[in-house]
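Accompanying notes for the structure given below.
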Amino acid sequence: MHPPSARFLVVSAGMGAGHDAVAAELVRRLEDRGQGAGRVDVLELLPHRIGAGLRSFYRTTIRRAPLLYEGIYRAFFRPGKGPRPGSAPLAALAEDRLLALVERERPDVVVPVFHLAAQLTGRLRARGALGVPSAVVVTDFAVHRQWLHPGNDLHLCVTPDAADTVRRALGRPSVATGPVVAARFFGPARGAARWRRLLGALAPGRPPVLLSVGAWGAGTRVADTARLVSGAGYLPVVLCGRDERLRAELSRRPEVAALGWEPDMPGLLAAVRAVVDNAAGQTALEALATGVPVIGYRPIPGHGREGVRRMAALGLSDHARDSWELVRLLDALTEPSAWRERRIAAGRRLFADDAAVRLTDAVARTAAR
C-alpha cells in the first residue's frame with residue numbers, strides 16, 4: 001500500500017547526462033508509487049540564457065582546460081579557511097522563476113538533484129520564501145560544500161559516509177538511500193547476448209573492458225588508455241558519449257571498439273568484464289548495479305578525482321594510480337576471484353534503500369502530524 005498521493009518537483013541540471021538520469025528515474029519511481037512528479041532544469045530557471053552559457057563554459061573547461069577547472073573547483077567547491085566564494089549570486093538569479101513554478105505547480109516537496117539547485121532551495125527555505133520542504137538528493141560520493149545549505153530540510157545520500165559528512169557540516173537530517181539507478185540495470189539484460197557476440201567477433205579471445213568518459217567525452221589521454229588496455233590483451237570498448245570527434249579518432253584504430261551515445265547500456269555493461277571510469281558518475285553506478293567491477297583511472301579534475309578516490313576508499317572500486325597498476329587490476333578483476341566477488345557484492349549492497357520510498361514516507365509522516 002502506497003502512502004497518500006503527494007506531488008514532487010525534481011530540480012535537475014543538464015550538465016552532462018548523469019543528473020538528468022537520476023531525475024528521470026526518481027520521477028518514474030515516484031509515479032510508480034502513485035505520487036505526482038514533475039521535472040525542471042535549474043539552468044532553464046536562470047535568465048538571459050545564463051544557464052546555457054554556464055553549461056557551455058563547464059563543458060569546455062572540463063574537456064579542454066582541466067587545470068582551469070581544477071582551480072575553479074578548489075576555490076568554489078572545497079572547504080577552506082576564511083571567506084570562500086560560492087554560488088549564492090547565481091542561485092539568487094533563479095529564485096523568482098522557481099517560486100513562480102512552485103506557485104503554479106503546487107508541489108508538496110521540492111527535490112534538488114544538482115548542487116546549484118540545492119543552494120537555490122536552501123536559500124529560499126532559510127528565509128521562508130519557499131513554503132514547502134526541500135529534500136536534496138546528493139549524487140556525489142565526495143560531498144563538496146556547494147551541496148551544503150542549512151536551509152534544506154533533508155539530504156538523501158549515496159553512502160552512509162556521505163550522509164555523515166552532511167550531518168557533521170550542517171546538523172541537518174541526512175540518510176543514506178543509495179544511488180538512484182534505473183531498474184533495467186538490476187535484472188537480466190536482454191541485449192547482453194547480442195553484445196557478447198558482437199564484441200567476441202571483433203576481438204576473439206580478448207575480454208572486453210569498457211572505458212567511460214561521460215556524455216561529453218571528457219577524459220585525459222583516452223587514446224593512450226585504450227592502447228594500454230589493448231596491449232595488455234583486452235578489447236577496449238570506449239564510450240565516447242556525444243563527442244563525435246573522439247569517436248572518429250578512435251574508430252581509426254582497429255584494436256579499439258569506439259561507441260557513441262549508447263541506448264543499450266544494460267546489455268553492454270552485462271557483456272564487459274570491467275569498467276575503467278574517470279569520474280565516479282552515473283556510468284560507474286550503473287556498473288555497480290549490473291555487477292561489474294569499476295577501476296578509476298586518470299580521473300577528470302575536481303569532483304571526478306575526489307569521487308574516484310572516495311569510491312575506492314570505501315571499497316566499492318579500485319583506483320589505478322599508474323598504467324602498471326591499471327593492468328594489474330584488470331588482470332585481477334576480469335577473472336573469477338574472491339577479490340572480484342567482494343567488489344561486486346560491495347557495489348550491490350549500496351542499493352539496499354530507495355530514495356523515492358524515503359521521500360514518500362517523509363511526506364506521509366509530515367501529513368500525519
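Residue names in the C-alpha cells use chain letters A, B, ... in the order shown, residue numbers from 1 in each chain, and ligand numbers from 1 in the order shown.
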Neighbour list for Pro299 of chain A as a PyMOL selection string, cut-off 8 Å, only C-alpha atoms, skip fewer than 4 positions in-chain: chain A and resi 219-220+277-279+304-305+308
Identify, on the basis of only C-alpha atoms, every residue whose closest approach to segment 28-31 of chain A does not exceed 7 Å; exclude the query and any residue fewer than 5 positions from it along the same chain; express the result as a PyMOL selection string. chain A and resi 36-37+356
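Counting only C-alpha atoms and comparing A:Gly51, A:Pro160, A:Gly18, A:Pro254, the residue that lies closest to Val143 of chain A is A:Pro160.
Residues in contact range of segment 336-340 of chain A, defined as at most 9 Å between only C-alpha atoms, with sequence neighbours fewer than 4 positions away removed, read Val292, Pro293, Ala332, Ile344 and Ala345 of chain A.
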Using DSSP on the backbone coordinates, identify the residues of segment 206-361 of chain A assigned to strand (DSSP E); present them as a VMD selection string. chain A and resid 208 to 212 235 to 239 257 to 259 274 to 277 294 to 297 318 to 320
Residue selection dump (C-alpha atoms) as a PDB file, in the first residue's frame:
ATOM      1  CA  PRO A 208      36.075  -6.618 -23.338  1.00  0.00           C
ATOM      2  CA  VAL A 209      36.721  -3.699 -20.970  1.00  0.00           C
ATOM      3  CA  LEU A 210      34.563  -0.577 -21.063  1.00  0.00           C
ATOM      4  CA  LEU A 211      36.249   2.855 -20.939  1.00  0.00           C
ATOM      5  CA  SER A 212      33.820   5.571 -19.877  1.00  0.00           C
ATOM      6  CA  LEU A 235      39.412  -5.230 -26.086  1.00  0.00           C
ATOM      7  CA  PRO A 236      38.951  -1.544 -25.110  1.00  0.00           C
ATOM      8  CA  VAL A 237      35.328  -0.535 -25.692  1.00  0.00           C
ATOM      9  CA  VAL A 238      35.294   3.253 -25.454  1.00  0.00           C
ATOM     10  CA  LEU A 239      32.063   5.069 -24.709  1.00  0.00           C
ATOM     11  CA  ALA A 257      35.707  -0.516 -30.361  1.00  0.00           C
ATOM     12  CA  ALA A 258      34.579   3.131 -30.314  1.00  0.00           C
ATOM     13  CA  LEU A 259      30.915   3.753 -29.490  1.00  0.00           C
ATOM     14  CA  ALA A 274      35.253  -4.393 -16.054  1.00  0.00           C
ATOM     15  CA  VAL A 275      34.700  -0.639 -16.370  1.00  0.00           C
ATOM     16  CA  VAL A 276      37.556   1.866 -16.416  1.00  0.00           C
ATOM     17  CA  ASP A 277      35.987   5.072 -15.143  1.00  0.00           C
ATOM     18  CA  VAL A 294      34.945  -0.498 -11.552  1.00  0.00           C
ATOM     19  CA  ILE A 295      38.509   0.802 -11.777  1.00  0.00           C
ATOM     20  CA  GLY A 296      39.144   4.526 -11.525  1.00  0.00           C
ATOM     21  CA  TYR A 297      41.956   5.752 -13.778  1.00  0.00           C
ATOM     22  CA  ASP A 318      39.761   0.301  -7.173  1.00  0.00           C
ATOM     23  CA  HIS A 319      41.891   3.296  -8.117  1.00  0.00           C
ATOM     24  CA  ALA A 320      44.777   2.702 -10.524  1.00  0.00           C
TER      25      ALA A 320
END
Please produce, as a tab-separated table, a per-residue contact table for segment 108-147 of chain A versus segment 72-81 of chain A (criterion: any atom at most 12 Å away, only C-alpha atoms considered), showing the nearest atom pair and its distance in Å to one decimal, sorted by chain then residue number.
residue	atom	partner	partner_atom	distance
A:His115	CA	A:Phe77	CA	10.1
A:Leu116	CA	A:Phe77	CA	11.2
A:Ala142	CA	A:Arg78	CA	10.3
A:Val143	CA	A:Phe77	CA	9.2
A:His144	CA	A:Phe77	CA	5.5
A:Arg145	CA	A:Phe77	CA	5.4
A:Gln146	CA	A:Phe77	CA	5.8
A:Trp147	CA	A:Phe77	CA	8.8
Identify, on the basis of only C-alpha atoms, every residue whose closest approach to segment 164-168 of chain A does not exceed 8 Å; exclude the query and any residue fewer than 6 positions from it along the same chain; express the result as an MDAnalysis selection string. chainID A and resid 143 148 155 174
If we count only C-alpha atoms, what is near Pro112 of chain A at a cut-off of 10 Å, once residues fewer than 3 positions away on the same chain are taken out, given as a PyMOL selection string? chain A and resi 9-13+19+23+39-42+109+115-122+134-138+147+152+155
